>>> print(open('target-v6.cif').read())   # mmCIF, C-alpha atoms
data_data
#
loop_
_atom_site.label_atom_id
_atom_site.label_comp_id
_atom_site.auth_asym_id
_atom_site.auth_seq_id
_atom_site.Cartn_x
_atom_site.Cartn_y
_atom_site.Cartn_z
CA MET A 292 -8.50 -10.15 15.01
CA ALA A 293 -8.29 -9.92 18.79
CA ALA A 294 -4.73 -8.61 18.53
CA TYR A 295 -6.00 -5.65 16.50
CA GLU A 296 -9.05 -4.78 18.58
CA GLY A 297 -7.67 -1.38 19.57
CA PHE A 298 -6.89 -0.59 15.95
CA ALA A 299 -10.39 -1.67 14.86
CA ASN A 300 -11.90 0.65 17.48
CA LEU A 301 -9.68 3.52 16.32
CA GLU A 302 -10.79 3.08 12.70
CA THR A 303 -14.46 2.76 13.63
CA LYS A 304 -14.34 5.84 15.83
CA GLY A 305 -12.30 7.84 13.31
CA TRP A 306 -14.54 7.25 10.31
CA SER A 307 -17.62 8.05 12.43
CA ASP A 308 -16.16 11.37 13.55
CA ASP A 309 -17.52 14.52 11.88
CA THR A 310 -14.13 16.27 11.85
CA ILE A 311 -12.18 13.32 10.42
CA SER A 312 -14.77 12.43 7.78
CA ALA A 313 -15.15 16.05 6.63
CA GLY A 314 -11.37 16.53 6.72
CA TYR A 315 -10.85 13.47 4.55
CA VAL A 316 -13.47 14.57 2.03
CA ASN A 317 -12.36 18.22 1.90
CA MET A 318 -8.58 17.87 2.28
CA PHE A 319 -7.06 14.38 2.21
CA SER A 320 -8.94 12.97 -0.78
CA SER A 321 -7.55 15.47 -3.27
CA ALA A 322 -4.40 13.30 -3.28
CA SER A 323 -6.08 9.88 -3.27
CA ASP A 324 -8.38 10.95 -6.11
CA MET A 325 -5.32 11.30 -8.34
CA ALA A 326 -5.15 7.51 -8.54
CA ILE A 327 -8.70 7.21 -9.91
CA PRO A 328 -7.79 7.37 -13.64
CA SER A 329 -5.23 4.58 -13.20
CA ILE A 330 -7.78 2.46 -11.33
CA VAL A 331 -10.50 2.91 -13.94
CA SER A 332 -8.17 2.29 -16.90
CA SER A 333 -6.93 -0.96 -15.29
CA ILE A 334 -10.33 -2.65 -15.56
CA GLU A 335 -10.22 -4.70 -18.72
CA SER A 336 -13.91 -4.64 -19.68
CA THR A 337 -17.19 -3.21 -18.50
CA GLY A 338 -19.14 -5.33 -16.05
CA LYS A 339 -20.28 -5.56 -12.45
CA VAL A 340 -17.81 -3.85 -10.12
CA LEU A 341 -17.68 -3.64 -6.34
CA ASP A 342 -16.05 -0.46 -5.05
CA LEU A 343 -15.02 -1.69 -1.62
CA CYS A 344 -14.24 0.86 1.11
CA CYS A 345 -15.83 3.40 -1.24
CA GLY A 346 -15.78 6.29 1.24
CA GLN A 347 -17.42 9.38 -0.23
CA GLY A 348 -17.99 7.66 -3.57
CA ASN A 349 -15.51 9.42 -5.86
CA VAL A 350 -14.20 6.14 -7.31
CA THR A 351 -17.75 4.78 -7.54
CA GLU A 352 -18.79 7.80 -9.57
CA ALA A 353 -15.83 7.48 -11.95
CA LEU A 354 -16.52 3.77 -12.49
CA ALA A 355 -20.18 4.46 -13.24
CA LYS A 356 -19.24 7.18 -15.75
CA ALA A 357 -16.92 4.66 -17.43
CA GLY A 358 -19.90 2.40 -18.06
CA HIS A 359 -19.62 -0.10 -15.21
CA ASP A 360 -22.50 -1.45 -13.15
CA VAL A 361 -20.99 -0.45 -9.82
CA THR A 362 -21.93 -0.99 -6.19
CA GLY A 363 -20.17 1.05 -3.50
CA ALA A 364 -19.69 -0.53 -0.08
CA ASP A 365 -18.29 0.94 3.13
CA PHE A 366 -18.59 0.17 6.84
CA SER A 367 -18.92 3.86 7.74
CA ALA A 368 -22.43 5.29 7.65
CA LYS A 369 -20.87 8.74 7.92
CA MET A 370 -18.80 8.31 4.74
CA LEU A 371 -21.73 6.73 2.92
CA SER A 372 -23.81 9.82 3.70
CA TYR A 373 -21.28 11.83 1.70
CA ALA A 374 -21.36 9.26 -1.10
CA ARG A 375 -25.14 9.35 -1.40
CA LYS A 376 -25.12 13.15 -1.57
CA SER A 377 -22.36 13.37 -4.18
CA VAL A 378 -23.62 10.47 -6.32
CA PRO A 379 -27.44 10.67 -6.26
CA GLY A 380 -28.96 7.43 -7.44
CA GLY A 381 -25.74 5.49 -6.81
CA ASP A 382 -25.96 1.97 -5.40
CA PHE A 383 -24.37 2.12 -1.93
CA VAL A 384 -24.40 -0.55 0.75
CA GLU A 385 -23.24 -0.33 4.38
CA ALA A 386 -21.04 -3.41 4.71
CA ASP A 387 -18.02 -4.77 6.56
CA ALA A 388 -15.24 -5.81 4.16
CA GLN A 389 -14.55 -8.76 6.47
CA ASP A 390 -18.10 -10.11 6.02
CA LEU A 391 -19.58 -8.99 2.71
CA PRO A 392 -23.34 -9.33 2.13
CA PHE A 393 -22.99 -10.52 -1.48
CA ASP A 394 -23.34 -13.93 -3.11
CA ASP A 395 -20.35 -15.89 -4.36
CA GLY A 396 -19.20 -14.77 -7.80
CA SER A 397 -21.29 -11.60 -7.84
CA PHE A 398 -18.73 -9.28 -9.45
CA ASP A 399 -16.42 -9.18 -12.46
CA SER A 400 -14.06 -6.83 -10.62
CA VAL A 401 -13.46 -5.57 -7.10
CA VAL A 402 -11.75 -2.23 -6.52
CA CYS A 403 -10.37 -1.19 -3.12
CA SER A 404 -8.88 2.28 -3.27
CA PHE A 405 -6.73 3.03 -0.18
CA GLY A 406 -9.00 0.85 1.93
CA LEU A 407 -7.33 -2.46 2.68
CA MET A 408 -4.77 -0.95 5.05
CA HIS A 409 -7.63 0.28 7.25
CA ILE A 410 -9.07 -3.22 7.72
CA PRO A 411 -8.01 -5.13 10.87
CA ASP A 412 -8.38 -8.68 9.51
CA GLN A 413 -6.89 -8.31 6.05
CA PRO A 414 -6.69 -12.07 5.25
CA LYS A 415 -10.42 -12.36 5.97
CA ALA A 416 -11.17 -9.35 3.77
CA LEU A 417 -9.10 -10.80 0.93
CA ALA A 418 -10.93 -14.12 1.29
CA GLU A 419 -14.23 -12.25 1.03
CA ILE A 420 -13.03 -10.33 -2.02
CA ARG A 421 -12.02 -13.57 -3.71
CA ARG A 422 -15.35 -15.17 -2.78
CA VAL A 423 -17.51 -12.45 -4.36
CA LEU A 424 -15.41 -12.34 -7.54
CA LYS A 425 -16.25 -14.47 -10.54
CA PRO A 426 -13.66 -17.03 -11.69
CA SER A 427 -10.64 -15.15 -13.10
CA GLY A 428 -12.14 -11.89 -11.79
CA GLN A 429 -9.96 -8.80 -11.31
CA PHE A 430 -8.92 -7.26 -8.01
CA ILE A 431 -7.50 -3.73 -8.20
CA MET A 432 -6.21 -1.92 -5.15
CA THR A 433 -4.18 1.13 -4.20
CA SER A 434 -2.16 1.81 -1.07
CA TRP A 435 0.23 4.50 0.14
CA CYS A 436 3.97 4.06 -0.26
CA GLY A 437 5.91 4.15 2.99
CA PRO A 438 8.36 6.76 4.29
CA ASP A 439 11.26 5.10 2.48
CA ILE A 440 9.66 6.28 -0.78
CA SER A 441 7.06 8.87 0.19
CA PRO A 442 8.31 12.38 1.06
CA VAL A 443 5.07 13.21 2.88
CA PHE A 444 5.08 10.14 5.11
CA HIS A 445 8.80 10.60 5.80
CA VAL A 446 8.17 14.18 6.93
CA PHE A 447 5.23 13.24 9.12
CA TYR A 448 6.61 10.08 10.73
CA SER A 449 10.06 11.57 11.35
CA SER A 450 8.52 14.62 13.03
CA VAL A 451 6.36 12.44 15.28
CA GLN A 452 9.37 10.30 16.15
CA GLU A 453 11.51 13.34 16.95
CA HIS A 454 8.97 15.35 18.96
CA GLY A 455 6.16 13.00 20.01
CA HIS A 456 5.63 12.01 23.62
CA PRO A 457 6.83 8.43 24.26
CA SER A 458 3.50 7.52 25.87
CA VAL A 459 1.58 8.05 22.61
CA LYS A 460 1.61 4.78 20.69
CA MET A 461 -0.57 3.55 17.86
CA PRO A 462 -2.62 0.45 18.70
CA GLU A 463 -1.13 -2.71 17.25
CA SER A 464 -2.17 -3.00 13.61
CA PRO A 465 -1.16 -4.50 10.27
CA ASN A 466 1.73 -2.72 8.55
CA PHE A 467 0.05 0.29 6.97
CA HIS A 468 2.39 0.37 3.96
CA GLN A 469 3.00 -3.35 3.38
CA PHE A 470 1.10 -3.58 0.09
CA ALA A 471 3.39 -0.97 -1.46
CA ASN A 472 6.26 -3.45 -1.06
CA GLU A 473 6.21 -5.61 -4.19
CA GLU A 474 7.57 -8.77 -2.56
CA THR A 475 5.27 -8.51 0.47
CA ALA A 476 2.22 -7.76 -1.67
CA ASN A 477 2.92 -10.74 -3.90
CA THR A 478 3.29 -13.03 -0.91
CA ILE A 479 0.07 -11.88 0.76
CA LEU A 480 -2.03 -11.85 -2.38
CA SER A 481 -0.69 -15.17 -3.63
CA GLY A 482 -1.57 -16.72 -0.27
CA ALA A 483 -5.09 -15.35 -0.66
CA GLY A 484 -5.55 -16.97 -4.08
CA PHE A 485 -4.64 -14.08 -6.38
CA GLU A 486 -2.00 -13.68 -9.05
CA VAL A 487 -0.50 -10.20 -9.27
CA GLU A 488 -0.39 -9.08 -12.90
CA LYS A 489 0.91 -5.55 -12.41
CA GLN A 490 2.21 -3.28 -9.67
CA GLN A 491 3.13 0.30 -10.42
CA GLN A 492 3.66 3.62 -8.69
CA VAL A 493 1.13 6.42 -9.13
CA ASP A 494 2.05 10.07 -8.58
CA CYS A 495 -0.20 11.66 -5.96
CA PHE A 496 0.32 14.94 -4.13
CA TRP A 497 -1.24 17.87 -2.31
CA MET A 498 -0.71 21.46 -3.39
CA LEU A 499 -0.53 23.23 -0.04
CA ALA A 500 -1.35 26.90 0.39
CA SER A 501 0.88 27.01 3.48
CA PRO A 502 3.51 24.73 5.09
CA GLU A 503 1.22 24.33 8.10
CA GLY A 504 -1.39 22.66 5.92
CA LEU A 505 0.27 19.24 5.92
CA ALA A 506 -0.08 18.65 9.67
CA GLU A 507 -3.67 19.91 9.49
CA ILE A 508 -4.50 17.27 6.87
CA PHE A 509 -3.08 14.50 9.04
CA GLN A 510 -4.75 15.71 12.23
CA ASN A 511 -8.18 16.41 10.74
CA GLY A 512 -8.36 14.08 7.74
CA ALA A 513 -7.12 10.65 8.81
CA PRO A 514 -7.86 8.44 11.83
CA ARG A 515 -4.22 7.39 12.37
CA GLY A 516 -2.75 10.84 11.92
CA GLY A 517 -5.52 12.35 13.99
CA TYR A 518 -4.83 9.90 16.80
CA LEU A 519 -1.06 10.42 16.77
CA LEU A 520 -1.47 14.20 16.98
CA SER A 521 -4.57 14.61 19.13
CA GLN A 522 -3.23 12.31 21.86
CA GLN A 523 -0.06 14.38 22.29
CA PRO A 524 0.43 16.79 25.16
CA GLU A 525 0.00 20.34 23.90
CA ALA A 526 3.73 21.08 23.79
CA ASN A 527 4.52 17.92 21.83
CA ASN A 528 1.67 18.55 19.41
CA ALA A 529 2.97 22.05 18.74
CA ALA A 530 6.55 20.79 18.30
CA ILE A 531 5.50 18.12 15.80
CA LYS A 532 3.49 20.61 13.76
CA ALA A 533 6.36 23.11 13.77
CA ALA A 534 8.78 20.42 12.59
CA VAL A 535 6.43 19.31 9.82
CA ALA A 536 5.97 22.89 8.63
CA GLU A 537 9.71 23.55 8.60
CA LYS A 538 10.39 20.39 6.55
CA VAL A 539 7.65 21.35 4.11
CA ARG A 540 9.28 24.77 3.67
CA GLU A 541 12.66 23.16 3.05
CA SER A 542 11.61 20.40 0.67
CA PHE A 543 8.27 21.05 -1.02
CA SER A 544 8.41 24.65 -2.30
CA ASP A 545 6.73 25.07 -5.71
CA GLY A 546 6.26 28.74 -6.60
CA ASP A 547 3.94 30.30 -4.07
CA LYS A 548 2.66 26.87 -2.94
CA TRP A 549 4.13 23.63 -1.60
CA ARG A 550 3.86 20.38 -3.57
CA ALA A 551 3.67 17.58 -1.02
CA GLN A 552 4.24 14.24 -2.77
CA LEU A 553 2.80 10.99 -1.45
CA PRO A 554 3.16 8.35 -4.17
CA ALA A 555 0.77 5.42 -4.22
CA SER A 556 1.08 1.80 -5.28
CA LEU A 557 -1.44 0.36 -7.73
CA ILE A 558 -1.88 -3.42 -7.89
CA VAL A 559 -3.84 -5.32 -10.53
CA ALA A 560 -4.43 -8.96 -9.60
CA ARG A 561 -6.62 -11.81 -10.75
CA VAL A 562 -8.31 -14.76 -9.07
CA ARG A 563 -6.27 -17.90 -9.71
#
>>> encode(input="target-v6.cif", output="structure tokens")
Amino acid sequence: MAAYEGFANLETKGWSDDTISAGYVNMFSSASDMAIPSIVSSIESTGKVLDLCCGQGNVTEALAKAGHDVTGADFSAKMLSYARKSVPGGDFVEADAQDLPFDDGSFDSVVCSFGLMHIPDQPKALAEIRRVLKPSGQFIMTSWCGPDISPVFHVFYSSVQEHGHPSVKMPESPNFHQFANEETANTILSGAGFEVEKQQQVDCFWMLASPEGLAEIFQNGAPRGGYLLSQQPEANNAAIKAAVAEKVRESFSDGDKWRAQLPASLIVARVR
């Protein structure tokens, strides 16, 4: 955990920031929400579900509508404020995924939609997830595919690499895309006491009104992207954004809009 202290601070600060939280809700989440139907349909039967890292509560709401007794949990009071407004009467708890305030075996299923990669101590979080699951309980998670597969992340990371100032470095952190790698995900989850039953790719994308919209989403809708752009000198920031926009024009045109694809990985696992 100590090795990722800077990363933990970045995540805490980011998800407490009005601009980042609003940007995620109003811009970024239109892509992540596309994985919701696959998440909901992967749960084998109705029961008690923990929506971990629930953010603004979109997954929580979908699970409740599907007939589940669902609790949403997130460490960010700011994101939970959105959840409570959008899902009145929903059961939401402010909680750290690395130290959950629930009894052993409390849930039939735990869902973590695009959340685990934001957690500094992922082994501890997985141990907590396993602890609060009933025997043979389901764990369902989604994560973003990396730039080797994802056109959006390739465009963004390559532009930062080409035009970013060398002094701007992300704090040391777990590999953001490691759970999208089937072999790596199996190794990590098996070591945490889970058996992976299924891993599949889910098509997610943004329909952009302008090529400049992609850099705006990263700067104003995600802690990591916001950090990598906001810390740049003005000239480097402008160069990165110009490069991103040009690559969007070249690769993502779809009529009078731009379809920016960022595929996700869905994992369905079970407690061994």
>>> closest_residue(input="target-v6.cif", among="A:Arg563, A:His456, A:Lys489, A:His468", to="Ala529 (chain A)", atoms="all atoms listed in the file")
A:His456
>>> residues_around(input="target-v6.cif", residues="Gly297 (chain A)", least_positions_apart="3", cutoff="8 Å", atoms="all atoms listed in the file", output="ChimeraX atom specification")
/A:294,300-301,462-463
>>> closest_residue(input="target-v6.cif", among="A:Gly516, A:Pro457, A:Gly428, A:Pro379", to="Phe398 (chain A)", atoms="all atoms listed in the file")
A:Gly428
>>> resolve_selection(input="target-v6.cif", expression="the PyMOL selection byres ((chain A and resi 522-525) around 12)", output="PDB file with C-alpha atoms, in the coordinates of the input")
ATOM      1  CA  VAL A 451       6.360  12.440  15.280  1.00  0.00           C
ATOM      2  CA  GLN A 452       9.370  10.300  16.150  1.00  0.00           C
ATOM      3  CA  HIS A 454       8.970  15.350  18.960  1.00  0.00           C
ATOM      4  CA  GLY A 455       6.160  13.000  20.010  1.00  0.00           C
ATOM      5  CA  HIS A 456       5.630  12.010  23.620  1.00  0.00           C
ATOM      6  CA  PRO A 457       6.830   8.430  24.260  1.00  0.00           C
ATOM      7  CA  SER A 458       3.500   7.520  25.870  1.00  0.00           C
ATOM      8  CA  VAL A 459       1.580   8.050  22.610  1.00  0.00           C
ATOM      9  CA  LYS A 460       1.610   4.780  20.690  1.00  0.00           C
ATOM     10  CA  MET A 461      -0.570   3.550  17.860  1.00  0.00           C
ATOM     11  CA  GLN A 510      -4.750  15.710  12.230  1.00  0.00           C
ATOM     12  CA  PRO A 514      -7.860   8.440  11.830  1.00  0.00           C
ATOM     13  CA  ARG A 515      -4.220   7.390  12.370  1.00  0.00           C
ATOM     14  CA  GLY A 516      -2.750  10.840  11.920  1.00  0.00           C
ATOM     15  CA  GLY A 517      -5.520  12.350  13.990  1.00  0.00           C
ATOM     16  CA  TYR A 518      -4.830   9.900  16.800  1.00  0.00           C
ATOM     17  CA  LEU A 519      -1.060  10.420  16.770  1.00  0.00           C
ATOM     18  CA  LEU A 520      -1.470  14.200  16.980  1.00  0.00           C
ATOM     19  CA  SER A 521      -4.570  14.610  19.130  1.00  0.00           C
ATOM     20  CA  ALA A 526       3.730  21.080  23.790  1.00  0.00           C
ATOM     21  CA  ASN A 527       4.520  17.920  21.830  1.00  0.00           C
ATOM     22  CA  ASN A 528       1.670  18.550  19.410  1.00  0.00           C
ATOM     23  CA  ALA A 529       2.970  22.050  18.740  1.00  0.00           C
ATOM     24  CA  ALA A 530       6.550  20.790  18.300  1.00  0.00           C
ATOM     25  CA  ILE A 531       5.500  18.120  15.800  1.00  0.00           C
ATOM     26  CA  LYS A 532       3.490  20.610  13.760  1.00  0.00           C
TER      27      LYS A 532
END
>>> residues_around(input="target-v6.cif", residues="region 477-487 of chain A", least_positions_apart="2", cutoff="6 Å", atoms="all atoms listed in the file", output="ChimeraX atom specification")
/A:474-475,489,560-563
>>> closest_residue(input="target-v6.cif", among="A:Ala555, A:Ile420, A:Ala374, A:Ala534", to="Ser449 (chain A)", atoms="all atoms listed in the file")
A:Ala534
>>> resolve_selection(input="target-v6.cif", expression="the PyMOL selection byres ((chain A and resi 358) around 10)", output="PDB file with C-alpha atoms, keeping the file's coordinate frame")
ATOM      1  CA  SER A 336     -13.910  -4.640 -19.680  1.00  0.00           C
ATOM      2  CA  THR A 337     -17.190  -3.210 -18.500  1.00  0.00           C
ATOM      3  CA  GLY A 338     -19.140  -5.330 -16.050  1.00  0.00           C
ATOM      4  CA  LYS A 339     -20.280  -5.560 -12.450  1.00  0.00           C
ATOM      5  CA  ALA A 353     -15.830   7.480 -11.950  1.00  0.00           C
ATOM      6  CA  LEU A 354     -16.520   3.770 -12.490  1.00  0.00           C
ATOM      7  CA  ALA A 355     -20.180   4.460 -13.240  1.00  0.00           C
ATOM      8  CA  LYS A 356     -19.240   7.180 -15.750  1.00  0.00           C
ATOM      9  CA  ALA A 357     -16.920   4.660 -17.430  1.00  0.00           C
ATOM     10  CA  HIS A 359     -19.620  -0.100 -15.210  1.00  0.00           C
ATOM     11  CA  ASP A 360     -22.500  -1.450 -13.150  1.00  0.00           C
ATOM     12  CA  VAL A 361     -20.990  -0.450  -9.820  1.00  0.00           C
TER      13      VAL A 361
END
>>> residues_around(input="target-v6.cif", residues="region 343-348 of chain A", least_positions_apart="5", cutoff="7 Å", atoms="all atoms listed in the file", output="ChimeraX atom specification")
/A:316,363-365,370-371,373-374,378,401-403,406
>>> closest_residue(input="target-v6.cif", among="A:Ile508, A:Met408, A:Ala322, A:Ile330", to="Phe298 (chain A)", atoms="all atoms listed in the file")
A:Met408
>>> residues_near_point(input="target-v6.cif", point="(-18.2, -9.0, -10.1)", cutoff="6 Å", atoms="only C-alpha atoms", output="PyMOL selection string")
chain A and resi 339-340+397-400+424-425
>>> residues_around(input="target-v6.cif", residues="Ile334 (chain A)", least_positions_apart="6", cutoff="9 Å", atoms="only C-alpha atoms", output="tab-separated table (two decimals) with C-alpha atoms, in the coordinates of the input")
chain	number	residue	atom	x	y	z
A	400	SER	CA	-14.06	-6.83	-10.62
A	429	GLN	CA	-9.96	-8.80	-11.31
A	430	PHE	CA	-8.92	-7.26	-8.01
A	431	ILE	CA	-7.50	-3.73	-8.20
A	559	VAL	CA	-3.84	-5.32	-10.53
>>> closest_residue(input="target-v6.cif", among="A:Asn317, A:Ser307, A:Tyr295, A:Ala416", to="Gly512 (chain A)", atoms="all atoms listed in the file")
A:Asn317
>>> atom_distance(input="target-v6.cif", atom1="CA of Gln491 (chain A)", atom2="CA of Ala388 (chain A)")
24.2 Å
>>> resolve_selection(input="target-v6.cif", expression="the PyMOL selection byres ((chain A and resi 413) around 10)", output="list in words")
Met292, Ala388, Gln389, Leu407, Met408, His409, Ile410, Pro411, Asp412, Pro414, Lys415, Ala416, Leu417, Ala418, Glu419, Pro465, Ile479 and Ala483 of chain A
>>> closest_residue(input="target-v6.cif", among="A:Gln552, A:Thr310, A:Ser332, A:Asn349", to="Ile440 (chain A)", atoms="only C-alpha atoms")
A:Gln552
>>> atom_distance(input="target-v6.cif", atom1="CA of Val423 (chain A)", atom2="CA of Lys304 (chain A)")
27.4 Å
>>> residues_around(input="target-v6.cif", residues="Ala533 (chain A)", least_positions_apart="4", cutoff="9 Å", atoms="only C-alpha atoms", output="JSON, numbers by chain")
{"A": [450, 503, 506, 528, 529, 537, 538]}
>>> atom_distance(input="target-v6.cif", atom1="CA of Glu473 (chain A)", atom2="CA of Gln490 (chain A)")
7.2 Å
>>> decode(input="target-v6.cif", residues="region 413-435 of chain A", atoms="N, CA and C atoms", output="short mmCIF file (atom, residue, chain, number, x, y, z; two decimals), in the first residue's frame")
data_model
loop_
_atom_site.label_atom_id
_atom_site.label_comp_id
_atom_site.auth_asym_id
_atom_site.auth_seq_id
_atom_site.Cartn_x
_atom_site.Cartn_y
_atom_site.Cartn_z
N GLN A 413 -5.31 -3.77 -4.38
CA GLN A 413 -6.28 -4.65 -5.02
C GLN A 413 -6.36 -6.03 -4.36
N PRO A 414 -5.24 -6.66 -3.94
CA PRO A 414 -5.37 -7.93 -3.23
C PRO A 414 -6.22 -7.83 -1.97
N LYS A 415 -6.08 -6.72 -1.23
CA LYS A 415 -6.89 -6.54 -0.03
C LYS A 415 -8.37 -6.38 -0.39
N ALA A 416 -8.64 -5.63 -1.46
CA ALA A 416 -10.03 -5.46 -1.89
C ALA A 416 -10.64 -6.79 -2.31
N LEU A 417 -9.87 -7.59 -3.05
CA LEU A 417 -10.38 -8.90 -3.47
C LEU A 417 -10.62 -9.82 -2.27
N ALA A 418 -9.76 -9.73 -1.27
CA ALA A 418 -9.96 -10.52 -0.05
C ALA A 418 -11.24 -10.09 0.66
N GLU A 419 -11.51 -8.79 0.66
CA GLU A 419 -12.74 -8.29 1.27
C GLU A 419 -13.97 -8.73 0.48
N ILE A 420 -13.87 -8.68 -0.84
CA ILE A 420 -14.97 -9.14 -1.69
C ILE A 420 -15.28 -10.61 -1.41
N ARG A 421 -14.24 -11.42 -1.35
CA ARG A 421 -14.44 -12.84 -1.07
C ARG A 421 -15.04 -13.05 0.32
N ARG A 422 -14.61 -12.25 1.28
CA ARG A 422 -15.09 -12.40 2.65
C ARG A 422 -16.59 -12.14 2.76
N VAL A 423 -17.08 -11.08 2.07
CA VAL A 423 -18.49 -10.71 2.22
C VAL A 423 -19.42 -11.53 1.32
N LEU A 424 -18.84 -12.36 0.45
CA LEU A 424 -19.64 -13.24 -0.40
C LEU A 424 -19.99 -14.52 0.34
N LYS A 425 -21.14 -15.05 0.04
CA LYS A 425 -21.53 -16.35 0.55
C LYS A 425 -20.70 -17.44 -0.14
N PRO A 426 -20.63 -18.63 0.42
CA PRO A 426 -19.94 -19.73 -0.26
C PRO A 426 -20.48 -19.90 -1.68
N SER A 427 -19.57 -20.04 -2.64
CA SER A 427 -19.91 -20.16 -4.07
C SER A 427 -20.58 -18.91 -4.64
N GLY A 428 -20.43 -17.76 -3.93
CA GLY A 428 -21.01 -16.53 -4.43
C GLY A 428 -20.32 -16.04 -5.69
N GLN A 429 -21.05 -15.20 -6.45
CA GLN A 429 -20.53 -14.67 -7.72
C GLN A 429 -19.84 -13.33 -7.53
N PHE A 430 -18.75 -13.16 -8.28
CA PHE A 430 -18.10 -11.86 -8.40
C PHE A 430 -18.06 -11.48 -9.86
N ILE A 431 -18.62 -10.32 -10.19
CA ILE A 431 -18.71 -9.86 -11.57
C ILE A 431 -18.05 -8.49 -11.65
N MET A 432 -17.10 -8.34 -12.56
CA MET A 432 -16.39 -7.07 -12.67
C MET A 432 -16.18 -6.70 -14.13
N THR A 433 -16.03 -5.41 -14.37
CA THR A 433 -15.65 -4.92 -15.68
C THR A 433 -14.41 -4.04 -15.54
N SER A 434 -13.63 -3.99 -16.60
CA SER A 434 -12.45 -3.13 -16.65
C SER A 434 -12.22 -2.72 -18.10
N TRP A 435 -11.42 -1.68 -18.29
CA TRP A 435 -11.16 -1.18 -19.65
C TRP A 435 -10.02 -1.95 -20.30
#
